[in-house]
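> Structure in structure tokens, see below.
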Amino acid sequence: MTPNTPIRWRRKDLLGIAELSPEEIGLILDTAESFSEIGERAIKKVPTLRGKTVLNLFFEASTRTRSSFEIAEKRLSADNINFSTSGSALEKGETLIDTALNLQAMAPDLVVIRHAHPGVPHMLARRIDAGVINAGDGAHEHPTQALLDAFTIRRHKGKLAGLKVAIVGDIEHSRVVRSNIHLLRKMGARVSIGGPRTLMPVGMEKMDVEVAYSLEEAIRDADVIMMLRVQLERQGRMAFPSVREYFQLFGLTTARLAAAKDDVIIMHPGPMNRGVEISSEVADGRTSVILEQVTHGVSVRMAILYLLSGVHEETV
Amino acid sequence: MAKNLTPKTTILDAKQMARIIRRMAGEIAERHHGDLSSLLLVGIRTRGVPLAEKIAAEIERMEGAKVPVGTLDITLYRDDLSTVGAQPLVKGTHLPRPIDDCGVVLCDDVLYTGRTVRAALDELIDFGRPRIVQLAVLIDRGHRELPIQADFVGKKVPTSQSEIIEVSFLSTDETEQVRILERPEPG
């Protein structure tokens, strides 16, 4: 073909953003762009993954991500089976490796996995022939969320390079933030992260981001603001005195938005705590693209399922 | 151009292509006389698209009627996805209007095995129920593997299976011509 033949997807798995090249990220986003039209058809289904089996293993609760994957799988005509923690063999004392071997014996083509422990998807990927998609492993990575965030930003800003993206909130417990930092830095965006010191892990500067300890400082001149959910359930101890105080210091309100650019867009990976990290006025306001993120999540996951289901002569 | 292919003959130059496309446009306009307003040309990616656009331009010149042009990417409907290696790029489908009760003319540069057209028909039907679907191809090179025939043919070219038909349009390639290329003998 032409001298610059566009790159092809060669990986068996999607485990994180850290190992992807900017070209691979671009390929996923471009492919997702083509898939978004299918969601607007009268018959929202293509026969591409007919006869392929996808296992959705959610060892941790999830509504949005799991349903998004399920819809993406069904729109591609794959057969899908869902496992979740309650009632699974894992709860009955089976080791993870035995679970993996049993899954392998069912010969799935793709496995989508969410697990509370970092690295579980990687272990699974080494043990089974199926392609493995990390749907969130502990506070490590959540690649499909970062990709759908990037897709949403690109839709609004036309690009990622040169933008300032502020990520504010519970940085410590967030896997979304790590995948997003990797992705945005690779694609040439500036990233500033903000949050209370008690929720800011040490050494974040090493990820090549600006660290701020106030909301105003983090979002100054930002093109994009991502608010993170305060993960009250993950906190062993309270990292701040009260929800009310958190909102007063780090809650995104219309008045505070003045520090950002006029055409800023507001994102949130969900589920939102209204009145904790974000006011309802902002969440439902003109600048919010939060529900678009959910729509784009399906297109991005369809693109990933499609790319991973190719034949892999060489595995990276 | 893929490597290891040797050009054999140029079967159509730009002028001959233009003449043939004009004739095809005339045939399509004649067949759809009276219902041009419900005509929709749909180009199959990649080189069915410039063909459809050229036919539409000719129809507009002849009849003064603007015929909408859609684009079909049949990648997701291919029957060989599990054998082709890394997944082909998906560039997307775009149909400018609902196709229910339309007269749809699918356009492609070369008709060969018929598998592309099979995929295109399956995809089209997912968008609605056209009144009629027809097929227009610039080159029919034979060797069908499915019971599919074109309604409008630019030129029939007998070929051997070691040959490749290369159609170039200015909008997608740097030149406008149709050539026969020879694949090297295996081994």
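Identifiers for the structure tokens are assigned positionally: chains receive A, B, ... in sequence, residues are indexed from 1 per chain, and ligands are indexed from 1 in the order shown.
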Please find the residues of chain A near chain B - the criterion being any atom within 9 Å, counting only C-alpha atoms - and write them as a PyMOL selection string.
chain A and resi 1-3+6+8-10+27+30-38+41-49+76+306-313
> Which neighbours of Leu232 of chain A fall inside 12 Å, counting only C-alpha atoms, when residues of the same chain fewer than 4 positions from it are skipped, and could you give them as an MDAnalysis selection string?
chainID A and resid 169:170 172:174 199 228 236:240 242:243 246 272:273 276:277
> If you run DSSP on the backbone, which residues of segment 157-250 of chain A are strand (DSSP E or B), as a ChimeraX atom specification?
/A:164-168,190-194,210-212,224-227
> Atom CA of Glu245 of chain A and atom CA of Met227 of chain A, how far apart in Å?
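Interatomic distance here is 16.5 Å.
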> Residues of segment 40-70 of chain B classed as helix (DSSP H, G or I) by DSSP on the backbone are to be reported as a list in words.
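So the helix (DSSP H, G or I) residues in segment 40-70 of chain B would be Gly48, Val49, Pro50, Leu51, Ala52, Glu53, Lys54, Ile55, Ala56, Ala57, Glu58, Ile59, Glu60, Arg61, Met62 and Glu63 of chain B.
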> Rank nothing, just name the residue among B:Ala14, B:Asp80, B:Leu36, B:Thr46 nearest to Pro68 of chain B, using only C-alpha atoms.
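Once distances to Pro68 of chain B are computed over only C-alpha atoms, the minimum belongs to B:Leu36.
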> Find the residues near Asp13 of chain A: any atom within 7 Å, counting only C-alpha atoms, skip ones fewer than 4 places away on the same chain, and give them as an NGL selection string.
:A and (125 or 131-133 or 308)
> Contacts of Arg301 of chain A at 10 Å or less, counting only C-alpha atoms, minus same-chain residues fewer than 4 places along, as a ChimeraX atom specification?
/A:28,32,35,65,68-73,133,144-145,147-148,296-297,305-307
> Under the rule that only C-alpha atoms are counted, which of A:His268, A:Arg197, A:Arg178, A:Arg127 is the nearest residue to Asp149 of chain A?
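Ranked by minimum distance to Asp149 of chain A, first place goes to A:His268.
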> Give me, as a list in words, all polymer residues having an atom no more than 12 Å from Leu20 of chain A, counting only C-alpha atoms and skipping those fewer than 5 positions away in the same chain.
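Answer for this query is Trp9, Arg10, Arg11, Asp13, Leu14, Leu15, Ile25, Gly26, Leu27, Ile28, Pro143, Leu147, Ser179, His182, Leu183, Leu184, Arg185, Lys186, Met187 and Val316 of chain A.
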> Let me make sure I understand: among B:Glu145, B:Asp109, B:Asp151, B:Glu30, which one has the smallest atom-to-atom distance to Val178 of chain B if we use only C-alpha atoms?
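For Val178 of chain B, the nearest of the candidates is B:Asp109.
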> May I have the residues within 7 Å of Gly162 of chain A as a list in words, using only C-alpha atoms and disregarding those fewer than 6 positions away in the same chain?
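Surrounding residues, per the criterion: Gly188, Ala189 and Arg190 of chain A.
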> Can you tell me how far atom CA of Leu51 of chain B sits from atom CA of Ala136 of chain B, in Å to one decimal?
9.2 Å
> Give the answer as one residue: which of A:Lys159, A:Arg220, A:Arg229, A:Arg50 has the shortest atom-to-atom distance to Ile171 of chain A, using only C-alpha atoms?
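For Ile171 of chain A, the nearest of the given residues is A:Arg229.
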> Please provide the set of residues having any atom within 6 Å of segment 82-84 of chain A, restricted to only C-alpha atoms, with same-chain residues fewer than 5 positions apart removed, written as a ChimeraX atom specification.
/A:55-59
> Compare B:Leu106, B:Ile44, B:Ile28, B:Leu111 by their minimum atom-to-atom distance to Met62 of chain B, counting only C-alpha atoms, and give me the closest one.
B:Ile28
> Give me, please, the distance in Å between atom CA of Ile165 of chain B and atom CA of Ile180 of chain B, quoted to one decimal.
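Atom CA of Ile180 of chain B lies at a distance of 4.8 Å from atom CA of Ile165 of chain B.
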